[in-house]
Amino acid sequence: LHEIKRVYQYIRTTAVDLATGEIEIENLFDFKGLDDIEGTWTLMGDGDLLAKGDLPELDLAPGASRTVTIADLDVTPEPGVEYWLNVSYRLREDAPWADAGHEVAWEQFLLPVSAPAAEPGFDAMAELQVEESDDAVTISGADFSVTFDRIHGTIGSWTHQGIELVESGPQPHFWRAPTDNDKGNALPKRAAAWKAASQNWVVSSTEVTQPGSSVVEVRFLGELPDVASFNEVGYTVFGNGEIQVESRFQPSHTELSEMPRFGMQLTVPAAFDTMTWYGRGPHETYWDRQAARVGVYSSSVDEQYFDYSEPQDTGNRTDVRWVTLTRSDGLGLEAVGMPQLNVTALFYTTEDIEEAKHKHEMTRRDFITLNLDHKQTGVGGEDSWGARPLPQHILEPRAMSYT
């Protein structure tokens, strides 16, 4: 419904010259003017409101358009901050079908102003200590320690000031609980090998290097026998406690079905149940479901699950710049896309959702399943009994990586 409303909106806003604040407003109605609509704008710096105002009177006849200038968009960019112009159109008075203030159309523009983010100062970071054994690599810093499992290619333990941050994973993940549309076009059968691949990543070798006193690299070379492909995962641990993760996929042939998703899945403590993200929201979005503004949003992890009549993949967020999962005192994890991620956080596993016919048949877990993905195949919807997503929204198995 969010997507339908976005497609059907009868006020079109296009950028003329964002550097000078010029936009064009067009009335797409055939028979009515816009006298009953009022327009407003806001200027956001990431999630902070910097300025706001009203648009001129929308005295546009059916089919007419005009160019307006918003003069208050001058900003001195701060390092790494994105600046967004949000335009909104709402009912001026109550109507038989909605109350005054109901939004009937909106648009969002990324302004062409930026300043590069500051480079991290590696020289100022604390030194790292490395201990290796046949089945583990432990890297310790000033107030953290992370142990990598050499057998499974995952994080076996990651503590900050003695508090465990990760319960299991991350591990390469290619599957999602099939949606109604997936079932209608037989994706669960066609792409079944990707479900097995998610469960059967095999580490073939481990490489550990220390290019500097405050930097350690751990790289797992892995095979995906179910799809005869390779997935390499590299971790770069820095002296300030940050870990850069890179997942690199390489197919060995071209006869594979589409990927439901390409990402990594891990579990984190249940106490980290407040999710805050900078990306599209507040509702779920997918590759072909983008009717949501980019902004900073927050909710409980419980609220990330949408109760469809039959459980299926839910809760994905697209174009995520960063996401945090925190407990009540603010401690937790932050993941930053380089540049962006798809993110899902739920109190249910993929298997829980796939195997249930109704939500009450699922048990709320005592941990959070977190997916940090590059992308998912779109959910489609031209029909629900055979049509696949449009070609531009299908994730084909090719050489790809994300960080």
# chains A, B, ... in the order shown; residues from 1 in each chain; ligands from 1
$ select_by_dssp --residues "stretch 14-256 of chain A" --states "helix (DSSP H, G or I)" --output "JSON, numbers by chain"
{"A": [122, 123, 124, 180, 181, 182, 183, 184, 187, 188, 189, 190, 192, 193, 194, 195, 196, 197, 198, 199, 225, 226, 227]}
$ write_last_selection --atoms "C-alpha atoms" --output "mmCIF file, in the first residue's frame"
data_model
loop_
_atom_site.group_PDB
_atom_site.id
_atom_site.type_symbol
_atom_site.label_atom_id
_atom_site.label_comp_id
_atom_site.auth_asym_id
_atom_site.auth_seq_id
_atom_site.Cartn_x
_atom_site.Cartn_y
_atom_site.Cartn_z
ATOM 1 C CA PHE A 122 45.714 4.528 12.650
ATOM 2 C CA ASP A 123 48.944 5.722 14.252
ATOM 3 C CA ALA A 124 47.085 6.918 17.328
ATOM 4 C CA ASP A 180 4.015 -15.367 -1.145
ATOM 5 C CA ASN A 181 5.297 -14.115 -4.494
ATOM 6 C CA ASP A 182 8.418 -16.308 -4.207
ATOM 7 C CA LYS A 183 6.205 -19.343 -3.718
ATOM 8 C CA GLY A 184 4.005 -18.318 -6.630
ATOM 9 C CA LEU A 187 11.706 -19.675 -6.226
ATOM 10 C CA PRO A 188 11.960 -22.068 -3.220
ATOM 11 C CA LYS A 189 12.396 -24.972 -5.639
ATOM 12 C CA ARG A 190 14.398 -23.156 -8.288
ATOM 13 C CA ALA A 192 16.974 -24.395 -3.213
ATOM 14 C CA ALA A 193 20.743 -24.747 -3.630
ATOM 15 C CA TRP A 194 21.216 -21.303 -2.076
ATOM 16 C CA LYS A 195 19.451 -22.449 1.085
ATOM 17 C CA ALA A 196 21.894 -25.344 1.356
ATOM 18 C CA ALA A 197 24.807 -23.023 0.551
ATOM 19 C CA SER A 198 23.893 -20.847 3.543
ATOM 20 C CA GLN A 199 24.233 -23.870 5.810
ATOM 21 C CA PRO A 225 29.954 -26.919 -2.504
ATOM 22 C CA ASP A 226 26.164 -26.777 -3.020
ATOM 23 C CA VAL A 227 26.584 -24.099 -5.703
#
$ residues_around --residues "stretch 46-58 of chain A" --least-positions-apart "4" --cutoff "8 Å" --atoms "only C-alpha atoms" --output "ChimeraX atom specification"
/A:34-35,37-42,68,70,72-73,81-84,278,295-296
$ closest_residue --among "A:Ser252, A:Asn185, A:Gln171, A:Ser140" --to "A:Ile155" --atoms "only C-alpha atoms"
A:Gln171
$ atom_distance --atom1 "atom CA of A:Asn371" --atom2 "atom CA of A:Ala270"
14.8 Å
$ residues_around --residues "A:Ser298" --least-positions-apart "4" --cutoff "7 Å" --atoms "only C-alpha atoms" --output "number ranges by chain"
A: 275-277
$ residues_around --residues "A:Leu325" --least-positions-apart "2" --cutoff "6 Å" --atoms "only C-alpha atoms" --output "list in words"
Phe272, Thr274, Met275, Gly332 and Leu333 of chain A
$ atom_distance --atom1 "atom CA of A:Arg6" --atom2 "atom CA of A:Ala291"
6.0 Å
$ closest_atom_pairs --of "stretch 94-152 of chain A" --to "stretch 157-170 of chain A" --cutoff "6 Å" --atoms "only C-alpha atoms" --output "Markdown table"
| residue | atom | partner | partner_atom | distance |
| --- | --- | --- | --- | --- |
| A:Asp143 | CA | A:Gln161 | CA | 5.3 |
| A:Phe144 | CA | A:His160 | CA | 4.4 |
| A:Ser145 | CA | A:Thr159 | CA | 5.4 |
| A:Val146 | CA | A:Trp158 | CA | 4.2 |
| A:Thr147 | CA | A:Ser157 | CA | 5.1 |
$ select_by_dssp --residues "stretch 223-307 of chain A" --states "strand (DSSP E or B)" --output "PyMOL selection string"
chain A and resi 223-224+229-238+243-251+261-269+274-281+286+289+293-300
$ atom_distance --atom1 "atom CA of A:Glu354" --atom2 "atom CA of A:Ala177"
4.7 Å
$ residues_around --residues "A:Phe367" --least-positions-apart "2" --cutoff "12 Å" --atoms "only C-alpha atoms" --output "ChimeraX atom specification"
/A:165-168,266-273,301-302,345-349,363-365,369-370
$ write_last_selection --atoms "N, CA and C atoms" --output "short mmCIF file (atom, residue, chain, number, x, y, z; two decimals), in the first residue's frame"
data_model
loop_
_atom_site.label_atom_id
_atom_site.label_comp_id
_atom_site.auth_asym_id
_atom_site.auth_seq_id
_atom_site.Cartn_x
_atom_site.Cartn_y
_atom_site.Cartn_z
N LEU A 165 29.43 -9.33 22.72
CA LEU A 165 28.70 -8.57 21.71
C LEU A 165 28.05 -9.44 20.65
N VAL A 166 28.61 -10.61 20.38
CA VAL A 166 28.12 -11.49 19.33
C VAL A 166 27.98 -12.90 19.89
N GLU A 167 26.85 -13.55 19.58
CA GLU A 167 26.66 -14.93 20.04
C GLU A 167 27.11 -15.95 19.00
N SER A 168 26.90 -15.66 17.71
CA SER A 168 27.36 -16.56 16.65
C SER A 168 27.46 -15.78 15.35
N LEU A 266 24.29 -13.09 11.53
CA LEU A 266 24.87 -13.34 12.84
C LEU A 266 23.78 -13.22 13.89
N THR A 267 24.08 -13.66 15.10
CA THR A 267 23.13 -13.50 16.21
C THR A 267 23.81 -12.68 17.29
N VAL A 268 23.01 -11.84 17.96
CA VAL A 268 23.51 -10.96 19.01
C VAL A 268 22.61 -11.09 20.24
N PRO A 269 23.09 -10.67 21.41
CA PRO A 269 22.29 -10.82 22.63
C PRO A 269 20.93 -10.14 22.54
N ALA A 270 19.95 -10.75 23.18
CA ALA A 270 18.57 -10.24 23.13
C ALA A 270 18.45 -8.87 23.77
N ALA A 271 19.37 -8.51 24.67
CA ALA A 271 19.29 -7.21 25.33
C ALA A 271 19.52 -6.06 24.37
N PHE A 272 20.13 -6.33 23.21
CA PHE A 272 20.38 -5.27 22.23
C PHE A 272 19.13 -5.08 21.37
N ASP A 273 18.03 -4.72 22.00
CA ASP A 273 16.74 -4.79 21.33
C ASP A 273 16.19 -3.44 20.86
N VAL A 301 13.27 -4.09 18.30
CA VAL A 301 13.43 -5.21 17.37
C VAL A 301 12.11 -5.95 17.19
N ASP A 302 11.29 -6.03 18.24
CA ASP A 302 9.97 -6.66 18.10
C ASP A 302 9.14 -5.98 17.02
N ALA A 345 16.67 -7.23 11.41
CA ALA A 345 16.89 -7.70 12.78
C ALA A 345 15.57 -8.21 13.34
N LEU A 346 15.55 -9.49 13.76
CA LEU A 346 14.33 -10.13 14.23
C LEU A 346 14.62 -11.05 15.40
N PHE A 347 13.59 -11.32 16.19
CA PHE A 347 13.71 -12.29 17.27
C PHE A 347 13.37 -13.71 16.77
N TYR A 348 13.36 -13.89 15.45
CA TYR A 348 13.09 -15.20 14.86
C TYR A 348 14.19 -15.52 13.85
N THR A 349 14.50 -16.79 13.69
CA THR A 349 15.46 -17.20 12.69
C THR A 349 14.77 -17.31 11.33
N THR A 363 8.35 -19.53 18.14
CA THR A 363 8.81 -19.18 19.48
C THR A 363 9.77 -18.00 19.39
N ARG A 364 9.47 -16.94 20.14
CA ARG A 364 10.37 -15.79 20.17
C ARG A 364 11.69 -16.23 20.80
N ARG A 365 12.78 -16.04 20.06
CA ARG A 365 14.08 -16.51 20.52
C ARG A 365 14.66 -15.61 21.60
N THR A 369 18.44 -12.33 15.53
CA THR A 369 19.07 -12.69 14.27
C THR A 369 19.23 -11.43 13.44
N LEU A 370 20.48 -11.12 13.09
CA LEU A 370 20.81 -9.89 12.39
C LEU A 370 21.40 -10.22 11.03
#
$ closest_residue --among "A:Gln290, A:Thr344, A:Ser401, A:Gln250" --to "A:Leu372" --atoms "only C-alpha atoms"
A:Thr344
$ closest_residue --among "A:Thr377, A:Asn231, A:Asn316, A:Asn342" --to "A:Met400" --atoms "only C-alpha atoms"
A:Asn231
$ residues_around --residues "A:Ala64" --least-positions-apart "6" --cutoff "8 Å" --atoms "only C-alpha atoms" --output "CSV table (one decimal) with N, CA and C atoms, in the first residue's frame"
chain,number,residue,atom,x,y,z
A,26,GLU,N,4.2,20.0,-10.3
A,26,GLU,CA,3.2,19.7,-11.4
A,26,GLU,C,1.9,19.1,-10.8
A,27,ASN,N,0.8,19.6,-11.2
A,27,ASN,CA,-0.5,19.1,-10.8
A,27,ASN,C,-0.9,18.0,-11.9
A,28,LEU,N,-1.0,16.7,-11.5
A,28,LEU,CA,-1.3,15.7,-12.4
A,28,LEU,C,-2.8,15.3,-12.4
$ residues_around --residues "A:Leu85" --least-positions-apart "3" --cutoff "8 Å" --atoms "only C-alpha atoms" --output "number ranges by chain"
A: 41-44, 108-111
$ write_last_selection --atoms "N, CA, C and O atoms" --output "PDB file, in the first residue's frame"
ATOM      1  N   TRP A  41       8.382  22.152   3.323  1.00  0.00           N
ATOM      2  CA  TRP A  41       9.687  21.570   3.044  1.00  0.00           C
ATOM      3  C   TRP A  41      10.522  21.550   4.320  1.00  0.00           C
ATOM      4  O   TRP A  41      10.309  22.353   5.245  1.00  0.00           O
ATOM      5  N   THR A  42      11.446  20.610   4.382  1.00  0.00           N
ATOM      6  CA  THR A  42      12.413  20.552   5.470  1.00  0.00           C
ATOM      7  C   THR A  42      13.790  20.285   4.881  1.00  0.00           C
ATOM      8  O   THR A  42      13.943  19.614   3.859  1.00  0.00           O
ATOM      9  N   LEU A  43      14.807  20.804   5.543  1.00  0.00           N
ATOM     10  CA  LEU A  43      16.199  20.540   5.199  1.00  0.00           C
ATOM     11  C   LEU A  43      16.798  19.720   6.335  1.00  0.00           C
ATOM     12  O   LEU A  43      16.801  20.152   7.491  1.00  0.00           O
ATOM     13  N   MET A  44      17.278  18.523   6.002  1.00  0.00           N
ATOM     14  CA  MET A  44      17.826  17.615   6.991  1.00  0.00           C
ATOM     15  C   MET A  44      19.314  17.402   6.741  1.00  0.00           C
ATOM     16  O   MET A  44      19.752  17.253   5.595  1.00  0.00           O
ATOM     17  N   GLN A 108      11.806  13.563  -2.159  1.00  0.00           N
ATOM     18  CA  GLN A 108      13.032  13.753  -1.405  1.00  0.00           C
ATOM     19  C   GLN A 108      14.198  13.896  -2.378  1.00  0.00           C
ATOM     20  O   GLN A 108      14.294  13.149  -3.348  1.00  0.00           O
ATOM     21  N   PHE A 109      15.078  14.865  -2.083  1.00  0.00           N
ATOM     22  CA  PHE A 109      16.231  15.121  -2.947  1.00  0.00           C
ATOM     23  C   PHE A 109      17.499  15.193  -2.101  1.00  0.00           C
ATOM     24  O   PHE A 109      17.522  15.843  -1.052  1.00  0.00           O
ATOM     25  N   LEU A 110      18.553  14.535  -2.580  1.00  0.00           N
ATOM     26  CA  LEU A 110      19.870  14.643  -1.964  1.00  0.00           C
ATOM     27  C   LEU A 110      20.557  15.867  -2.553  1.00  0.00           C
ATOM     28  O   LEU A 110      20.765  15.953  -3.768  1.00  0.00           O
ATOM     29  N   LEU A 111      20.902  16.823  -1.700  1.00  0.00           N
ATOM     30  CA  LEU A 111      21.498  18.060  -2.193  1.00  0.00           C
ATOM     31  C   LEU A 111      22.946  17.832  -2.629  1.00  0.00           C
ATOM     32  O   LEU A 111      23.667  17.018  -2.021  1.00  0.00           O
TER      33      LEU A 111
END
$ decode --residues "stretch 247-281 of chain A" --atoms "N, CA, C and O atoms" --output "PDB file, in the first residue's frame"
ATOM      1  N   SER A 247      32.972  -9.391   2.430  1.00  0.00           N
ATOM      2  CA  SER A 247      32.514 -10.680   1.911  1.00  0.00           C
ATOM      3  C   SER A 247      32.605 -10.642   0.398  1.00  0.00           C
ATOM      4  O   SER A 247      32.043  -9.744  -0.246  1.00  0.00           O
ATOM      5  N   ARG A 248      33.309 -11.628  -0.178  1.00  0.00           N
ATOM      6  CA  ARG A 248      33.556 -11.641  -1.615  1.00  0.00           C
ATOM      7  C   ARG A 248      33.078 -12.976  -2.196  1.00  0.00           C
ATOM      8  O   ARG A 248      33.538 -14.037  -1.776  1.00  0.00           O
ATOM      9  N   PHE A 249      32.158 -12.895  -3.168  1.00  0.00           N
ATOM     10  CA  PHE A 249      31.584 -14.094  -3.792  1.00  0.00           C
ATOM     11  C   PHE A 249      32.128 -14.262  -5.206  1.00  0.00           C
ATOM     12  O   PHE A 249      32.238 -13.289  -5.966  1.00  0.00           O
ATOM     13  N   GLN A 250      32.443 -15.503  -5.565  1.00  0.00           N
ATOM     14  CA  GLN A 250      32.939 -15.816  -6.906  1.00  0.00           C
ATOM     15  C   GLN A 250      32.267 -17.089  -7.401  1.00  0.00           C
ATOM     16  O   GLN A 250      32.539 -18.180  -6.893  1.00  0.00           O
ATOM     17  N   PRO A 251      31.357 -16.997  -8.392  1.00  0.00           N
ATOM     18  CA  PRO A 251      30.738 -18.218  -8.934  1.00  0.00           C
ATOM     19  C   PRO A 251      31.716 -18.943  -9.844  1.00  0.00           C
ATOM     20  O   PRO A 251      32.597 -18.325 -10.462  1.00  0.00           O
ATOM     21  N   SER A 252      31.549 -20.259  -9.949  1.00  0.00           N
ATOM     22  CA  SER A 252      32.430 -21.041 -10.811  1.00  0.00           C
ATOM     23  C   SER A 252      31.789 -21.357 -12.159  1.00  0.00           C
ATOM     24  O   SER A 252      32.456 -21.828 -13.066  1.00  0.00           O
ATOM     25  N   HIS A 253      30.477 -21.124 -12.284  1.00  0.00           N
ATOM     26  CA  HIS A 253      29.801 -21.346 -13.556  1.00  0.00           C
ATOM     27  C   HIS A 253      28.581 -20.442 -13.620  1.00  0.00           C
ATOM     28  O   HIS A 253      28.240 -19.752 -12.658  1.00  0.00           O
ATOM     29  N   THR A 254      27.903 -20.434 -14.746  1.00  0.00           N
ATOM     30  CA  THR A 254      26.814 -19.480 -14.988  1.00  0.00           C
ATOM     31  C   THR A 254      25.439 -20.123 -15.004  1.00  0.00           C
ATOM     32  O   THR A 254      24.467 -19.484 -15.384  1.00  0.00           O
ATOM     33  N   GLU A 255      25.326 -21.357 -14.579  1.00  0.00           N
ATOM     34  CA  GLU A 255      24.043 -22.067 -14.652  1.00  0.00           C
ATOM     35  C   GLU A 255      23.318 -22.070 -13.301  1.00  0.00           C
ATOM     36  O   GLU A 255      22.520 -22.962 -13.029  1.00  0.00           O
ATOM     37  N   LEU A 256      23.574 -21.105 -12.474  1.00  0.00           N
ATOM     38  CA  LEU A 256      22.937 -21.011 -11.172  1.00  0.00           C
ATOM     39  C   LEU A 256      21.682 -20.155 -11.261  1.00  0.00           C
ATOM     40  O   LEU A 256      21.595 -19.228 -12.071  1.00  0.00           O
ATOM     41  N   SER A 257      20.718 -20.448 -10.393  1.00  0.00           N
ATOM     42  CA  SER A 257      19.520 -19.611 -10.324  1.00  0.00           C
ATOM     43  C   SER A 257      19.870 -18.283  -9.662  1.00  0.00           C
ATOM     44  O   SER A 257      20.971 -18.091  -9.141  1.00  0.00           O
ATOM     45  N   GLU A 258      18.900 -17.373  -9.655  1.00  0.00           N
ATOM     46  CA  GLU A 258      19.117 -16.114  -8.973  1.00  0.00           C
ATOM     47  C   GLU A 258      19.351 -16.331  -7.472  1.00  0.00           C
ATOM     48  O   GLU A 258      18.907 -17.317  -6.894  1.00  0.00           O
ATOM     49  N   MET A 259      20.054 -15.395  -6.848  1.00  0.00           N
ATOM     50  CA  MET A 259      20.282 -15.424  -5.399  1.00  0.00           C
ATOM     51  C   MET A 259      19.097 -14.766  -4.689  1.00  0.00           C
ATOM     52  O   MET A 259      18.739 -13.633  -5.021  1.00  0.00           O
ATOM     53  N   PRO A 260      18.479 -15.417  -3.713  1.00  0.00           N
ATOM     54  CA  PRO A 260      17.495 -14.691  -2.911  1.00  0.00           C
ATOM     55  C   PRO A 260      18.124 -13.506  -2.180  1.00  0.00           C
ATOM     56  O   PRO A 260      17.533 -12.438  -2.087  1.00  0.00           O
ATOM     57  N   ARG A 261      19.366 -13.687  -1.667  1.00  0.00           N
ATOM     58  CA  ARG A 261      20.076 -12.578  -1.027  1.00  0.00           C
ATOM     59  C   ARG A 261      21.571 -12.865  -1.071  1.00  0.00           C
ATOM     60  O   ARG A 261      21.995 -14.013  -1.200  1.00  0.00           O
ATOM     61  N   PHE A 262      22.372 -11.828  -0.935  1.00  0.00           N
ATOM     62  CA  PHE A 262      23.812 -11.973  -0.752  1.00  0.00           C
ATOM     63  C   PHE A 262      24.183 -11.137   0.466  1.00  0.00           C
ATOM     64  O   PHE A 262      24.075  -9.913   0.443  1.00  0.00           O
ATOM     65  N   GLY A 263      24.539 -11.838   1.552  1.00  0.00           N
ATOM     66  CA  GLY A 263      24.850 -11.112   2.764  1.00  0.00           C
ATOM     67  C   GLY A 263      25.503 -11.992   3.802  1.00  0.00           C
ATOM     68  O   GLY A 263      26.079 -13.040   3.491  1.00  0.00           O
ATOM     69  N   MET A 264      25.409 -11.543   5.048  1.00  0.00           N
ATOM     70  CA  MET A 264      25.949 -12.303   6.170  1.00  0.00           C
ATOM     71  C   MET A 264      24.948 -12.255   7.315  1.00  0.00           C
ATOM     72  O   MET A 264      24.256 -11.251   7.523  1.00  0.00           O
ATOM     73  N   GLN A 265      24.865 -13.369   8.061  1.00  0.00           N
ATOM     74  CA  GLN A 265      23.929 -13.466   9.174  1.00  0.00           C
ATOM     75  C   GLN A 265      24.683 -13.765  10.457  1.00  0.00           C
ATOM     76  O   GLN A 265      25.604 -14.586  10.465  1.00  0.00           O
ATOM     77  N   LEU A 266      24.288 -13.089  11.533  1.00  0.00           N
ATOM     78  CA  LEU A 266      24.869 -13.336  12.843  1.00  0.00           C
ATOM     79  C   LEU A 266      23.781 -13.216  13.891  1.00  0.00           C
ATOM     80  O   LEU A 266      22.669 -12.761  13.610  1.00  0.00           O
ATOM     81  N   THR A 267      24.077 -13.665  15.100  1.00  0.00           N
ATOM     82  CA  THR A 267      23.134 -13.496  16.213  1.00  0.00           C
ATOM     83  C   THR A 267      23.812 -12.683  17.294  1.00  0.00           C
ATOM     84  O   THR A 267      25.022 -12.793  17.530  1.00  0.00           O
ATOM     85  N   VAL A 268      23.009 -11.842  17.955  1.00  0.00           N
ATOM     86  CA  VAL A 268      23.514 -10.964  19.011  1.00  0.00           C
ATOM     87  C   VAL A 268      22.614 -11.094  20.237  1.00  0.00           C
ATOM     88  O   VAL A 268      21.483 -11.579  20.148  1.00  0.00           O
ATOM     89  N   PRO A 269      23.089 -10.672  21.410  1.00  0.00           N
ATOM     90  CA  PRO A 269      22.292 -10.819  22.630  1.00  0.00           C
ATOM     91  C   PRO A 269      20.933 -10.140  22.541  1.00  0.00           C
ATOM     92  O   PRO A 269      20.783  -9.073  21.935  1.00  0.00           O
ATOM     93  N   ALA A 270      19.948 -10.754  23.179  1.00  0.00           N
ATOM     94  CA  ALA A 270      18.575 -10.244  23.134  1.00  0.00           C
ATOM     95  C   ALA A 270      18.446  -8.867  23.771  1.00  0.00           C
ATOM     96  O   ALA A 270      17.523  -8.114  23.436  1.00  0.00           O
ATOM     97  N   ALA A 271      19.371  -8.514  24.668  1.00  0.00           N
ATOM     98  CA  ALA A 271      19.290  -7.211  25.334  1.00  0.00           C
ATOM     99  C   ALA A 271      19.519  -6.056  24.371  1.00  0.00           C
ATOM    100  O   ALA A 271      19.109  -4.920  24.641  1.00  0.00           O
ATOM    101  N   PHE A 272      20.133  -6.325  23.212  1.00  0.00           N
ATOM    102  CA  PHE A 272      20.381  -5.267  22.228  1.00  0.00           C
ATOM    103  C   PHE A 272      19.133  -5.076  21.367  1.00  0.00           C
ATOM    104  O   PHE A 272      19.156  -5.236  20.147  1.00  0.00           O
ATOM    105  N   ASP A 273      18.032  -4.720  22.000  1.00  0.00           N
ATOM    106  CA  ASP A 273      16.736  -4.791  21.325  1.00  0.00           C
ATOM    107  C   ASP A 273      16.194  -3.442  20.856  1.00  0.00           C
ATOM    108  O   ASP A 273      15.022  -3.345  20.483  1.00  0.00           O
ATOM    109  N   THR A 274      17.021  -2.397  20.860  1.00  0.00           N
ATOM    110  CA  THR A 274      16.631  -1.126  20.255  1.00  0.00           C
ATOM    111  C   THR A 274      17.414  -0.943  18.973  1.00  0.00           C
ATOM    112  O   THR A 274      18.645  -0.918  18.986  1.00  0.00           O
ATOM    113  N   MET A 275      16.702  -0.861  17.850  1.00  0.00           N
ATOM    114  CA  MET A 275      17.341  -0.717  16.546  1.00  0.00           C
ATOM    115  C   MET A 275      17.169   0.718  16.049  1.00  0.00           C
ATOM    116  O   MET A 275      16.058   1.236  15.976  1.00  0.00           O
ATOM    117  N   THR A 276      18.277   1.358  15.727  1.00  0.00           N
ATOM    118  CA  THR A 276      18.280   2.704  15.154  1.00  0.00           C
ATOM    119  C   THR A 276      19.073   2.649  13.866  1.00  0.00           C
ATOM    120  O   THR A 276      20.148   2.036  13.824  1.00  0.00           O
ATOM    121  N   TRP A 277      18.546   3.251  12.808  1.00  0.00           N
ATOM    122  CA  TRP A 277      19.232   3.171  11.526  1.00  0.00           C
ATOM    123  C   TRP A 277      19.081   4.457  10.734  1.00  0.00           C
ATOM    124  O   TRP A 277      18.134   5.207  10.907  1.00  0.00           O
ATOM    125  N   TYR A 278      20.070   4.694   9.873  1.00  0.00           N
ATOM    126  CA  TYR A 278      20.037   5.803   8.928  1.00  0.00           C
ATOM    127  C   TYR A 278      19.917   5.189   7.535  1.00  0.00           C
ATOM    128  O   TYR A 278      20.868   4.666   6.979  1.00  0.00           O
ATOM    129  N   GLY A 279      18.692   5.204   7.014  1.00  0.00           N
ATOM    130  CA  GLY A 279      18.388   4.603   5.729  1.00  0.00           C
ATOM    131  C   GLY A 279      16.927   4.847   5.426  1.00  0.00           C
ATOM    132  O   GLY A 279      16.315   5.777   5.954  1.00  0.00           O
ATOM    133  N   ARG A 280      16.341   4.017   4.596  1.00  0.00           N
ATOM    134  CA  ARG A 280      14.919   4.200   4.271  1.00  0.00           C
ATOM    135  C   ARG A 280      14.045   3.662   5.401  1.00  0.00           C
ATOM    136  O   ARG A 280      14.351   2.637   6.000  1.00  0.00           O
ATOM    137  N   GLY A 281      12.943   4.343   5.657  1.00  0.00           N
ATOM    138  CA  GLY A 281      12.044   3.936   6.711  1.00  0.00           C
ATOM    139  C   GLY A 281      10.841   4.862   6.788  1.00  0.00           C
ATOM    140  O   GLY A 281      10.670   5.743   5.951  1.00  0.00           O
TER     141      GLY A 281
END
